[in-house]
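Beneath this line is the structure, given in structure tokens, with notes to follow.
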Amino acid sequence: MPLDPAPASTPTPTPPPPVRFWPVDDLPALDPDPFLDEMLRDEPVTRIKLAHGEGHAWLITRYEDCRFVTSDPRFSREQVVGRDVTSMRPEPVASQTAGLQYIDPPRHNRLRRVVARAFTGRAMQRLRPMAERRAAEMLDVMAAAGPPADLMEHLHGPFPIAVIRDFLGVDEKDWHRWAATGEALLSAGADSEERAKEAARTTRARIAELLQHRREEPREDLAGVLALATEAGEITGDEAISLATAIQVSGGHAVRNNSGSMMYALLTHPRHLERLRREPELLPKAVDELFRYVPHRNGVGIPRVAIEDVEVGGQLIRAGEVIYNAYVAANRDPEVFPDPDDLDFDRTNGPHLAFGHGPHHCMAAIMARMEAEIMIGSVLTRFPGIRLAVPAEEVEFQRQGLIRGPRTLPVTW
């Protein structure tokens with residue numbers, strides 16, 4: 001008599017890793033976060049506790065896992081709204097009630113379609129000559145002042161703000177009323193919380209005024225696109241303000257710091273700098289590699305919530321659990337980018353994740369690339385002998401902020 005087959009064994013689930021507290025300390029210059037390096041190497045799907053909020057969250061660091069989570073509809077940003085999740089700061093940077101950051105498709109698709117009308121190739125072709133002129137004017141002032149000079153003061157600070165104001169449609173006569181608010185809006189320090197709230201209120205009021213003005217005088221700029229969509233009932237007034245605010249913050253503050261970090265990277269890699277002088281046609285590819293190489297932020301950004309049980313990297317993420325993805329770690333995943341800590345203008349690997357992935361991929365990526373190309377190209381053309389005016393270790397970087405970058409960048413030529 002044949003024996004009954006043995007019952008199939010049920011695989012034993014991998015036990016969840018311990019919860020690790022991650023203080024997200026300030027880091028020197030462009031040093032990668034050692035905690036992220038360790039997790040990517042030893043525990044690419046782990047659990048963390050951050051400085052604020054309740055409970056813990058999952059953290060993923062591998063490139064393929066980040067692409068999976070950010071494109072799978074079973075992970076929701078809307079489900080974060082109203083929850084006191086563990087996070088780096090006491091209040092979310094972005095509005096949780098309007099805009100693109102905390103919504104899922106199909107509503108996300110509706111708002112994204114509106115904003116996409118402003119981020120077209122044609123729009124960038126119209127904006128580029130204006131941006132090149134702004135950069136040239138700023139470098140004229142720096143040249144007249146003579147060396148040494150602070151590139152953050154003369155170019156990387158004012159240039160992105162000027163470009164985003166041109167893109168939004170702010171008249172030059174009103175520029176003095178549009179003081180930069182990105183530093184306050186994205187400051188993580190507890191002592192700056194009230195300053196961030198005041199900056200948010202001021203920004204909101206200015207944008208509401210601009211949108212009202214654009215309803216009266218339509219133009220082909222972002223404010224014009226948002227005003228027209230509001231009038232047509234495609235988006236609400238609150239959504240228009242939130243969208244414009246998010247673009248102003250990323251266009252002013254994030255580009256300032258990212259581009260400053262890119263220039264610091266070049267100034268501390270003289271052979272790469274010299275190669276760009278010899279091969280200016282390499283600039284677009286070099287800028288893309290710099291976006292991968294530069295650690296553009298501290299910690300992590302906006303989390304997601306699993307709406308059903310999903311396995312990620314061998315770990316079961318249960319419905320209702322919070323998950324963060326670390327793009328800066330994924331951009332140094334050696335499985336995708338060999339020798340990831342090397343700056344290599346000849347890479348032929350897959351695309352980096354500096355602008356995110358999936359439905360929430362940064363729509364302003366086309367403009368950020370253009371700005372970086374203009375800033376780096378203009379500096380190298382105008383100041384072919386540019387170099388740091390102080391030892392690299394003496395360059396001061398931002399502290400207690402979500403976005404990393406130099407506070408000052410002293411150069412001579």
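Residues are referred to by chain and number: the chain letter is A, B, ... according to the order shown in the structure tokens, the number counts from 1 in that chain, and ligands are numbered separately from 1 in the order shown.
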Q) Counting only C-alpha atoms, what is within 9 Å of Ala244 of chain A, bar same-chain residues fewer than 6 positions away, as an MDAnalysis selection string? A) chainID A and resid 99 168 204 207 222:223 226
Would you save the residues of that selection, restricted to N, CA and C atoms, as a PDB file, in the first residue's frame?
```
ATOM      1  N   GLY A  99      -2.594  69.437  -2.874  1.00  0.00           N
ATOM      2  CA  GLY A  99      -1.339  69.249  -3.579  1.00  0.00           C
ATOM      3  C   GLY A  99      -1.119  67.792  -3.954  1.00  0.00           C
ATOM      4  N   LEU A 168       7.143  80.799 -12.234  1.00  0.00           N
ATOM      5  CA  LEU A 168       5.841  81.083 -11.631  1.00  0.00           C
ATOM      6  C   LEU A 168       5.149  82.248 -12.319  1.00  0.00           C
ATOM      7  N   ARG A 204       1.925  81.262   1.325  1.00  0.00           N
ATOM      8  CA  ARG A 204       0.557  81.012   0.879  1.00  0.00           C
ATOM      9  C   ARG A 204      -0.127  82.311   0.452  1.00  0.00           C
ATOM     10  N   ILE A 207       1.300  83.581  -2.928  1.00  0.00           N
ATOM     11  CA  ILE A 207       0.876  82.782  -4.073  1.00  0.00           C
ATOM     12  C   ILE A 207      -0.601  83.010  -4.378  1.00  0.00           C
ATOM     13  N   LEU A 222       3.486  79.235 -14.907  1.00  0.00           N
ATOM     14  CA  LEU A 222       2.851  78.284 -13.993  1.00  0.00           C
ATOM     15  C   LEU A 222       1.635  78.887 -13.316  1.00  0.00           C
ATOM     16  N   ALA A 223       1.744  80.140 -12.874  1.00  0.00           N
ATOM     17  CA  ALA A 223       0.593  80.778 -12.243  1.00  0.00           C
ATOM     18  C   ALA A 223      -0.578  80.848 -13.215  1.00  0.00           C
ATOM     19  N   LEU A 226      -2.167  77.328 -13.478  1.00  0.00           N
ATOM     20  CA  LEU A 226      -2.954  76.988 -12.290  1.00  0.00           C
ATOM     21  C   LEU A 226      -4.219  77.833 -12.188  1.00  0.00           C
TER      22      LEU A 226
END
```
Q.
Which residues are close to Met375 of chain A, i.e. within 8 Å by only C-alpha atoms, leaving aside same-chain residues fewer than 2 positions away? Reply as number ranges by chain.
A. A: 135, 155-156, 259, 371-373, 377-379
Keeping only C-alpha atoms, write those residues as a PDB file, in the first residue's frame.
```pdb
ATOM      1  CA  ALA A 135      23.283  83.371 -14.466  1.00  0.00           C
ATOM      2  CA  LEU A 155      24.964  82.095  -7.852  1.00  0.00           C
ATOM      3  CA  HIS A 156      23.585  78.974  -6.187  1.00  0.00           C
ATOM      4  CA  SER A 259      23.582  72.488  -7.243  1.00  0.00           C
ATOM      5  CA  GLU A 371      19.389  74.749 -14.028  1.00  0.00           C
ATOM      6  CA  ALA A 372      22.318  72.534 -13.007  1.00  0.00           C
ATOM      7  CA  GLU A 373      23.649  72.502 -16.563  1.00  0.00           C
ATOM      8  CA  GLY A 377      28.476  75.422 -17.604  1.00  0.00           C
ATOM      9  CA  SER A 378      28.356  79.170 -16.945  1.00  0.00           C
ATOM     10  CA  VAL A 379      30.893  78.965 -14.118  1.00  0.00           C
TER      11      VAL A 379
END
```
List every residue of segment 28-131 of chain A that has an atom at most 8 Å from any atom of segment 331-348 of chain A, and for each one report the closest atom pair and its distance in Å to one decimal, counting only C-alpha atoms, with rows sorted by chain and then by increasing residue number, as CSV.
```
residue,atom,partner,partner_atom,distance
A:Leu40,CA,A:Asp333,CA,7.3
A:Arg62,CA,A:Asp333,CA,6.1
A:Tyr63,CA,A:Asp333,CA,6.1
```
Q.
Using only C-alpha atoms, which protein or nucleic acid residues come within 10 Å of Ala149 of chain A? Drop anything in the same chain fewer than 3 positions from it, and give the result as a VMD selection string.
A. chain A and resid 142 to 143 145 to 146 152 to 154 388 to 389 408 to 413
Q) What gap, in Å, lies between atom CA of Pro147 of chain A and atom CA of Ala254 of chain A? A) 26.5 Å
Q) Using only C-alpha atoms, which residue out of A:Met263, A:Leu30, A:Ile103, A:Leu282 lies closest to Arg404 of chain A? A) A:Leu30
Q: Return as a PyMOL selection string the full set of residues in segment 26-266 of chain A whose backbone-based DSSP assignment is alpha helix (DSSP H).
A: chain A and resi 34-42+63-71+107-116+121-145+151+158-168+182-185+193-216+222-231+237-249+255-266
Q: Enter the distance from atom CA of Ala286 of chain A to atom CA of Asn298 of chain A, in Å, rounded to one decimal.
A: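 Distance reported for this atom pair: 23.0 Å.
Between atom CA of Ala392 of chain A and atom CA of Glu274 of chain A the interatomic distance comes to 17.5 Å.
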Set the distance at 10 Å and use only C-alpha atoms: which residues neighbour segment 112-124 of chain A once local chain neighbours fewer than 3 positions away are removed? I'd like the list as an mmCIF file with all heavy atoms, in the first residue's frame.
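The result, stored in around_22.cif:
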```
data_model
loop_
_atom_site.group_PDB
_atom_site.id
_atom_site.type_symbol
_atom_site.label_atom_id
_atom_site.label_comp_id
_atom_site.auth_asym_id
_atom_site.auth_seq_id
_atom_site.Cartn_x
_atom_site.Cartn_y
_atom_site.Cartn_z
ATOM 1 N N GLY A 99 -2.594 69.437 -2.874
ATOM 2 C CA GLY A 99 -1.339 69.249 -3.579
ATOM 3 C C GLY A 99 -1.119 67.792 -3.954
ATOM 4 O O GLY A 99 -1.986 66.945 -3.815
ATOM 5 N N LEU A 100 0.092 67.495 -4.430
ATOM 6 C CA LEU A 100 0.397 66.188 -4.995
ATOM 7 C C LEU A 100 1.027 65.216 -4.006
ATOM 8 O O LEU A 100 1.010 64.014 -4.225
ATOM 9 C CB LEU A 100 1.363 66.357 -6.179
ATOM 10 C CG LEU A 100 0.800 66.962 -7.458
ATOM 11 C CD1 LEU A 100 1.934 67.401 -8.373
ATOM 12 C CD2 LEU A 100 -0.080 65.959 -8.167
ATOM 13 N N PRO A 105 -3.346 58.003 -6.951
ATOM 14 C CA PRO A 105 -4.215 57.965 -8.120
ATOM 15 C C PRO A 105 -5.616 57.485 -7.692
ATOM 16 O O PRO A 105 -5.735 56.727 -6.730
ATOM 17 C CB PRO A 105 -3.532 56.927 -9.024
ATOM 18 C CG PRO A 105 -2.091 56.931 -8.591
ATOM 19 C CD PRO A 105 -2.141 57.179 -7.110
ATOM 20 N N PRO A 106 -6.691 57.933 -8.369
ATOM 21 C CA PRO A 106 -6.692 58.739 -9.600
ATOM 22 C C PRO A 106 -6.633 60.263 -9.360
ATOM 23 O O PRO A 106 -6.383 61.005 -10.284
ATOM 24 C CB PRO A 106 -8.015 58.356 -10.245
ATOM 25 C CG PRO A 106 -8.902 58.063 -9.096
ATOM 26 C CD PRO A 106 -8.037 57.420 -8.048
ATOM 27 N N ARG A 107 -6.861 60.706 -8.105
ATOM 28 C CA ARG A 107 -6.824 62.149 -7.861
ATOM 29 C C ARG A 107 -5.432 62.709 -8.181
ATOM 30 O O ARG A 107 -5.301 63.810 -8.730
ATOM 31 C CB ARG A 107 -7.193 62.444 -6.409
ATOM 32 C CG ARG A 107 -7.250 63.934 -6.092
ATOM 33 C CD ARG A 107 -7.536 64.179 -4.627
ATOM 34 N NE ARG A 107 -7.352 65.598 -4.299
ATOM 35 C CZ ARG A 107 -6.867 66.038 -3.150
ATOM 36 N NH1 ARG A 107 -6.508 65.176 -2.206
ATOM 37 N NH2 ARG A 107 -6.735 67.321 -2.916
ATOM 38 N N HIS A 108 -4.426 61.970 -7.834
ATOM 39 C CA HIS A 108 -3.064 62.404 -8.117
ATOM 40 C C HIS A 108 -2.868 62.632 -9.615
ATOM 41 O O HIS A 108 -2.240 63.606 -10.030
ATOM 42 C CB HIS A 108 -2.077 61.361 -7.599
ATOM 43 C CG HIS A 108 -0.647 61.701 -7.844
ATOM 44 N ND1 HIS A 108 0.010 61.346 -8.999
ATOM 45 C CD2 HIS A 108 0.254 62.379 -7.091
ATOM 46 C CE1 HIS A 108 1.250 61.770 -8.944
ATOM 47 N NE2 HIS A 108 1.437 62.401 -7.809
ATOM 48 N N ASN A 109 -3.422 61.720 -10.428
ATOM 49 C CA ASN A 109 -3.278 61.852 -11.880
ATOM 50 C C ASN A 109 -3.914 63.141 -12.384
ATOM 51 O O ASN A 109 -3.390 63.795 -13.291
ATOM 52 C CB ASN A 109 -3.916 60.658 -12.588
ATOM 53 C CG ASN A 109 -3.276 59.344 -12.199
ATOM 54 O OD1 ASN A 109 -2.171 59.322 -11.658
ATOM 55 N ND2 ASN A 109 -3.964 58.249 -12.456
ATOM 56 N N LEU A 127 12.099 79.178 -21.180
ATOM 57 C CA LEU A 127 12.696 79.604 -19.907
ATOM 58 C C LEU A 127 14.220 79.636 -19.973
ATOM 59 O O LEU A 127 14.846 80.465 -19.299
ATOM 60 C CB LEU A 127 12.236 78.649 -18.796
ATOM 61 C CG LEU A 127 12.617 78.981 -17.354
ATOM 62 C CD1 LEU A 127 11.988 80.298 -16.917
ATOM 63 C CD2 LEU A 127 12.188 77.850 -16.415
ATOM 64 N N ARG A 128 14.834 78.773 -20.763
ATOM 65 C CA ARG A 128 16.293 78.621 -20.738
ATOM 66 C C ARG A 128 17.046 79.914 -21.053
ATOM 67 O O ARG A 128 17.992 80.261 -20.316
ATOM 68 C CB ARG A 128 16.730 77.498 -21.677
ATOM 69 C CG ARG A 128 18.218 77.184 -21.514
ATOM 70 C CD ARG A 128 18.631 75.928 -22.259
ATOM 71 N NE ARG A 128 19.964 75.511 -21.817
ATOM 72 C CZ ARG A 128 20.277 74.342 -21.309
ATOM 73 N NH1 ARG A 128 19.343 73.414 -21.167
ATOM 74 N NH2 ARG A 128 21.516 74.069 -20.944
ATOM 75 N N PRO A 129 16.695 80.652 -22.114
ATOM 76 C CA PRO A 129 17.432 81.901 -22.361
ATOM 77 C C PRO A 129 17.331 82.890 -21.207
ATOM 78 O O PRO A 129 18.303 83.596 -20.894
ATOM 79 C CB PRO A 129 16.780 82.453 -23.628
ATOM 80 C CG PRO A 129 16.128 81.287 -24.273
ATOM 81 C CD PRO A 129 15.700 80.396 -23.167
ATOM 82 N N MET A 130 16.179 82.948 -20.562
ATOM 83 C CA MET A 130 16.019 83.823 -19.398
ATOM 84 C C MET A 130 16.941 83.367 -18.281
ATOM 85 O O MET A 130 17.612 84.178 -17.629
ATOM 86 C CB MET A 130 14.561 83.809 -18.931
ATOM 87 C CG MET A 130 13.569 84.294 -19.974
ATOM 88 S SD MET A 130 11.845 83.914 -19.519
ATOM 89 C CE MET A 130 11.661 84.885 -18.034
ATOM 90 N N ALA A 131 17.001 82.040 -18.061
ATOM 91 C CA ALA A 131 17.849 81.503 -16.995
ATOM 92 C C ALA A 131 19.325 81.752 -17.301
ATOM 93 O O ALA A 131 20.105 82.115 -16.404
ATOM 94 C CB ALA A 131 17.583 80.011 -16.831
ATOM 95 N N PHE A 167 9.499 81.268 -13.688
ATOM 96 C CA PHE A 167 8.626 80.147 -14.044
ATOM 97 C C PHE A 167 7.218 80.340 -13.489
ATOM 98 O O PHE A 167 6.221 80.094 -14.173
ATOM 99 C CB PHE A 167 9.238 78.847 -13.515
ATOM 100 C CG PHE A 167 8.484 77.609 -13.887
ATOM 101 C CD1 PHE A 167 8.374 77.207 -15.210
ATOM 102 C CD2 PHE A 167 7.891 76.822 -12.906
ATOM 103 C CE1 PHE A 167 7.685 76.048 -15.553
ATOM 104 C CE2 PHE A 167 7.203 75.672 -13.237
ATOM 105 C CZ PHE A 167 7.102 75.280 -14.564
ATOM 106 N N LEU A 168 7.143 80.799 -12.234
ATOM 107 C CA LEU A 168 5.841 81.083 -11.631
ATOM 108 C C LEU A 168 5.149 82.248 -12.319
ATOM 109 O O LEU A 168 3.930 82.257 -12.471
ATOM 110 C CB LEU A 168 6.012 81.414 -10.143
ATOM 111 C CG LEU A 168 6.015 80.259 -9.150
ATOM 112 C CD1 LEU A 168 6.443 80.758 -7.774
ATOM 113 C CD2 LEU A 168 4.640 79.618 -9.056
ATOM 114 N N GLU A 220 1.400 82.645 -20.105
ATOM 115 C CA GLU A 220 1.850 81.258 -20.250
ATOM 116 C C GLU A 220 2.946 80.950 -19.236
ATOM 117 O O GLU A 220 4.101 80.689 -19.592
ATOM 118 C CB GLU A 220 2.353 81.013 -21.672
ATOM 119 C CG GLU A 220 1.265 81.020 -22.729
ATOM 120 C CD GLU A 220 1.798 80.624 -24.087
ATOM 121 O OE1 GLU A 220 3.012 80.316 -24.191
ATOM 122 O OE2 GLU A 220 1.024 80.623 -25.053
ATOM 123 N N ASP A 221 2.609 81.009 -17.952
ATOM 124 C CA ASP A 221 3.545 80.623 -16.901
ATOM 125 C C ASP A 221 2.800 79.698 -15.947
ATOM 126 O O ASP A 221 1.619 79.399 -16.145
ATOM 127 C CB ASP A 221 4.118 81.855 -16.190
ATOM 128 C CG ASP A 221 3.036 82.844 -15.766
ATOM 129 O OD1 ASP A 221 1.933 82.394 -15.394
ATOM 130 O OD2 ASP A 221 3.283 84.065 -15.817
ATOM 131 N N LEU A 222 3.486 79.235 -14.907
ATOM 132 C CA LEU A 222 2.851 78.284 -13.993
ATOM 133 C C LEU A 222 1.635 78.887 -13.316
ATOM 134 O O LEU A 222 0.587 78.234 -13.195
ATOM 135 C CB LEU A 222 3.852 77.812 -12.937
ATOM 136 C CG LEU A 222 3.279 76.863 -11.877
ATOM 137 C CD1 LEU A 222 2.777 75.577 -12.504
ATOM 138 C CD2 LEU A 222 4.329 76.553 -10.801
ATOM 139 N N ALA A 223 1.744 80.140 -12.874
ATOM 140 C CA ALA A 223 0.593 80.778 -12.243
ATOM 141 C C ALA A 223 -0.578 80.848 -13.215
ATOM 142 O O ALA A 223 -1.736 80.635 -12.820
ATOM 143 C CB ALA A 223 0.970 82.178 -11.750
ATOM 144 N N GLY A 224 -0.291 81.124 -14.482
ATOM 145 C CA GLY A 224 -1.341 81.169 -15.489
ATOM 146 C C GLY A 224 -1.994 79.818 -15.692
ATOM 147 O O GLY A 224 -3.229 79.714 -15.810
ATOM 148 N N VAL A 225 -1.187 78.745 -15.733
ATOM 149 C CA VAL A 225 -1.721 77.389 -15.878
ATOM 150 C C VAL A 225 -2.630 77.039 -14.705
ATOM 151 O O VAL A 225 -3.746 76.522 -14.883
ATOM 152 C CB VAL A 225 -0.566 76.372 -15.991
ATOM 153 C CG1 VAL A 225 -1.076 74.939 -15.827
ATOM 154 C CG2 VAL A 225 0.152 76.518 -17.326
ATOM 155 N N LEU A 226 -2.167 77.328 -13.478
ATOM 156 C CA LEU A 226 -2.954 76.988 -12.290
ATOM 157 C C LEU A 226 -4.219 77.833 -12.188
ATOM 158 O O LEU A 226 -5.283 77.330 -11.814
ATOM 159 C CB LEU A 226 -2.093 77.154 -11.036
ATOM 160 C CG LEU A 226 -0.877 76.221 -10.921
ATOM 161 C CD1 LEU A 226 -0.071 76.556 -9.670
ATOM 162 C CD2 LEU A 226 -1.307 74.761 -10.919
ATOM 163 N N LEU A 228 -5.914 79.174 -14.673
ATOM 164 C CA LEU A 228 -6.851 78.719 -15.694
ATOM 165 C C LEU A 228 -7.525 77.417 -15.275
ATOM 166 O O LEU A 228 -8.739 77.242 -15.457
ATOM 167 C CB LEU A 228 -6.104 78.531 -17.015
ATOM 168 C CG LEU A 228 -6.962 78.206 -18.252
ATOM 169 C CD1 LEU A 228 -7.925 79.356 -18.543
ATOM 170 C CD2 LEU A 228 -6.076 77.938 -19.457
ATOM 171 N N ALA A 229 -6.746 76.493 -14.695
ATOM 172 C CA ALA A 229 -7.315 75.221 -14.248
ATOM 173 C C ALA A 229 -8.300 75.422 -13.097
ATOM 174 O O ALA A 229 -9.308 74.715 -12.998
ATOM 175 C CB ALA A 229 -6.193 74.273 -13.823
ATOM 176 N N THR A 230 -8.030 76.399 -12.232
ATOM 177 C CA THR A 230 -8.951 76.707 -11.138
ATOM 178 C C THR A 230 -10.254 77.272 -11.679
ATOM 179 O O THR A 230 -11.352 76.877 -11.261
ATOM 180 C CB THR A 230 -8.309 77.702 -10.157
ATOM 181 O OG1 THR A 230 -7.052 77.191 -9.712
ATOM 182 C CG2 THR A 230 -9.202 77.929 -8.951
ATOM 183 N N GLU A 234 -11.030 72.389 -12.698
ATOM 184 C CA GLU A 234 -10.212 71.171 -12.685
ATOM 185 C C GLU A 234 -9.548 70.950 -11.334
ATOM 186 O O GLU A 234 -9.331 69.802 -10.918
ATOM 187 C CB GLU A 234 -9.141 71.251 -13.773
ATOM 188 C CG GLU A 234 -9.659 71.265 -15.187
ATOM 189 C CD GLU A 234 -8.514 71.343 -16.186
ATOM 190 O OE1 GLU A 234 -8.009 70.267 -16.574
ATOM 191 O OE2 GLU A 234 -8.123 72.466 -16.570
ATOM 192 N N ILE A 235 -9.165 72.035 -10.674
ATOM 193 C CA ILE A 235 -8.562 71.965 -9.348
ATOM 194 C C ILE A 235 -9.174 73.045 -8.477
ATOM 195 O O ILE A 235 -9.765 74.002 -8.980
ATOM 196 C CB ILE A 235 -7.023 72.149 -9.398
ATOM 197 C CG1 ILE A 235 -6.651 73.493 -10.032
ATOM 198 C CG2 ILE A 235 -6.364 70.999 -10.141
ATOM 199 C CD1 ILE A 235 -5.155 73.783 -10.009
ATOM 200 N N ALA A 240 -4.366 74.607 -6.004
ATOM 201 C CA ALA A 240 -3.485 75.464 -6.806
ATOM 202 C C ALA A 240 -2.393 76.079 -5.939
ATOM 203 O O ALA A 240 -1.212 76.107 -6.324
ATOM 204 C CB ALA A 240 -4.294 76.552 -7.496
ATOM 205 N N LEU A 243 0.138 73.348 -4.863
ATOM 206 C CA LEU A 243 1.009 72.951 -5.966
ATOM 207 C C LEU A 243 2.093 73.998 -6.211
ATOM 208 O O LEU A 243 3.269 73.670 -6.357
ATOM 209 C CB LEU A 243 0.174 72.748 -7.232
ATOM 210 C CG LEU A 243 -0.749 71.530 -7.244
ATOM 211 C CD1 LEU A 243 -1.717 71.621 -8.418
ATOM 212 C CD2 LEU A 243 0.060 70.246 -7.321
ATOM 213 N N ALA A 244 1.706 75.263 -6.247
ATOM 214 C CA ALA A 244 2.671 76.334 -6.477
ATOM 215 C C ALA A 244 3.680 76.421 -5.331
ATOM 216 O O ALA A 244 4.873 76.664 -5.552
ATOM 217 C CB ALA A 244 1.949 77.669 -6.649
ATOM 218 N N ILE A 247 6.296 73.600 -5.616
ATOM 219 C CA ILE A 247 7.243 73.858 -6.696
ATOM 220 C C ILE A 247 8.199 74.985 -6.314
ATOM 221 O O ILE A 247 9.395 74.938 -6.623
ATOM 222 C CB ILE A 247 6.480 74.179 -7.997
ATOM 223 C CG1 ILE A 247 5.777 72.919 -8.481
ATOM 224 C CG2 ILE A 247 7.417 74.720 -9.076
ATOM 225 C CD1 ILE A 247 4.768 73.149 -9.568
ATOM 226 N N PRO A 359 4.483 57.169 -9.681
ATOM 227 C CA PRO A 359 3.557 58.292 -9.846
ATOM 228 C C PRO A 359 4.037 59.596 -9.226
ATOM 229 O O PRO A 359 3.673 60.671 -9.693
ATOM 230 C CB PRO A 359 2.271 57.799 -9.152
ATOM 231 C CG PRO A 359 2.362 56.313 -9.197
ATOM 232 C CD PRO A 359 3.821 55.989 -9.084
ATOM 233 N N HIS A 360 4.867 59.512 -8.175
ATOM 234 C CA HIS A 360 5.334 60.727 -7.504
ATOM 235 C C HIS A 360 6.723 61.169 -7.969
ATOM 236 O O HIS A 360 7.369 61.975 -7.300
ATOM 237 C CB HIS A 360 5.317 60.539 -5.991
ATOM 238 C CG HIS A 360 3.933 60.526 -5.407
ATOM 239 N ND1 HIS A 360 3.194 59.381 -5.283
ATOM 240 C CD2 HIS A 360 3.146 61.534 -4.952
ATOM 241 C CE1 HIS A 360 2.016 59.673 -4.750
ATOM 242 N NE2 HIS A 360 1.961 60.961 -4.542
ATOM 243 N N MET A 363 8.125 66.150 -10.986
ATOM 244 C CA MET A 363 7.799 66.736 -12.280
ATOM 245 C C MET A 363 8.780 67.833 -12.665
ATOM 246 O O MET A 363 8.916 68.161 -13.845
ATOM 247 C CB MET A 363 6.383 67.297 -12.263
ATOM 248 C CG MET A 363 5.324 66.246 -12.053
ATOM 249 S SD MET A 363 3.692 66.906 -12.312
ATOM 250 C CE MET A 363 3.750 67.240 -14.054
ATOM 251 N N ALA A 364 9.451 68.414 -11.691
ATOM 252 C CA ALA A 364 10.386 69.507 -11.959
ATOM 253 C C ALA A 364 11.768 69.001 -12.348
ATOM 254 O O ALA A 364 12.693 69.803 -12.482
ATOM 255 C CB ALA A 364 10.489 70.419 -10.740
ATOM 256 N N ALA A 365 11.934 67.682 -12.560
ATOM 257 C CA ALA A 365 13.244 67.140 -12.890
ATOM 258 C C ALA A 365 13.818 67.789 -14.145
ATOM 259 O O ALA A 365 15.008 68.098 -14.206
ATOM 260 C CB ALA A 365 13.148 65.621 -13.066
ATOM 261 N N ILE A 366 12.980 68.012 -15.140
ATOM 262 C CA ILE A 366 13.457 68.611 -16.392
ATOM 263 C C ILE A 366 14.028 70.009 -16.152
ATOM 264 O O ILE A 366 15.041 70.390 -16.740
ATOM 265 C CB ILE A 366 12.316 68.643 -17.446
ATOM 266 C CG1 ILE A 366 12.837 69.157 -18.790
ATOM 267 C CG2 ILE A 366 11.141 69.485 -16.961
ATOM 268 C CD1 ILE A 366 11.794 69.084 -19.898
ATOM 269 N N MET A 367 13.407 70.752 -15.226
ATOM 270 C CA MET A 367 13.894 72.091 -14.933
ATOM 271 C C MET A 367 15.143 72.047 -14.048
ATOM 272 O O MET A 367 16.083 72.830 -14.239
ATOM 273 C CB MET A 367 12.805 72.925 -14.262
ATOM 274 C CG MET A 367 13.169 74.400 -14.120
ATOM 275 S SD MET A 367 11.747 75.455 -13.780
ATOM 276 C CE MET A 367 11.410 75.024 -12.079
ATOM 277 N N MET A 370 18.104 71.330 -16.192
ATOM 278 C CA MET A 370 18.464 72.509 -16.975
ATOM 279 C C MET A 370 19.216 73.519 -16.118
ATOM 280 O O MET A 370 20.249 74.068 -16.539
ATOM 281 C CB MET A 370 17.201 73.159 -17.550
ATOM 282 C CG MET A 370 17.459 74.441 -18.335
ATOM 283 S SD MET A 370 15.944 75.386 -18.643
ATOM 284 C CE MET A 370 15.637 76.082 -17.006
#
```
Q: Excluding Leu50 of chain A and residues on its chain fewer than 6 positions from it, collect all residues at most 10 Å away from it, counting only C-alpha atoms, and give them as number ranges by chain.
A: A: 20-24, 56-57, 85-89, 299
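In terms of minimum interatomic distance to Arg369 of chain A, A:Met262 ranks closest within A:Met262, A:Leu273, A:Val300, A:Ala329, counting only C-alpha atoms.
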Q | strand (DSSP E or B) call set, DSSP backbone run, segment 9-136 of chain A, as a list in words | A | Val19, Arg20, Phe21, Val45, Thr46, Arg47, Ile48, Lys49, His52, Glu54, Ala57, Trp58, Leu59, Ile60, Phe75, Ser76, Val85 and Ser87 of chain A
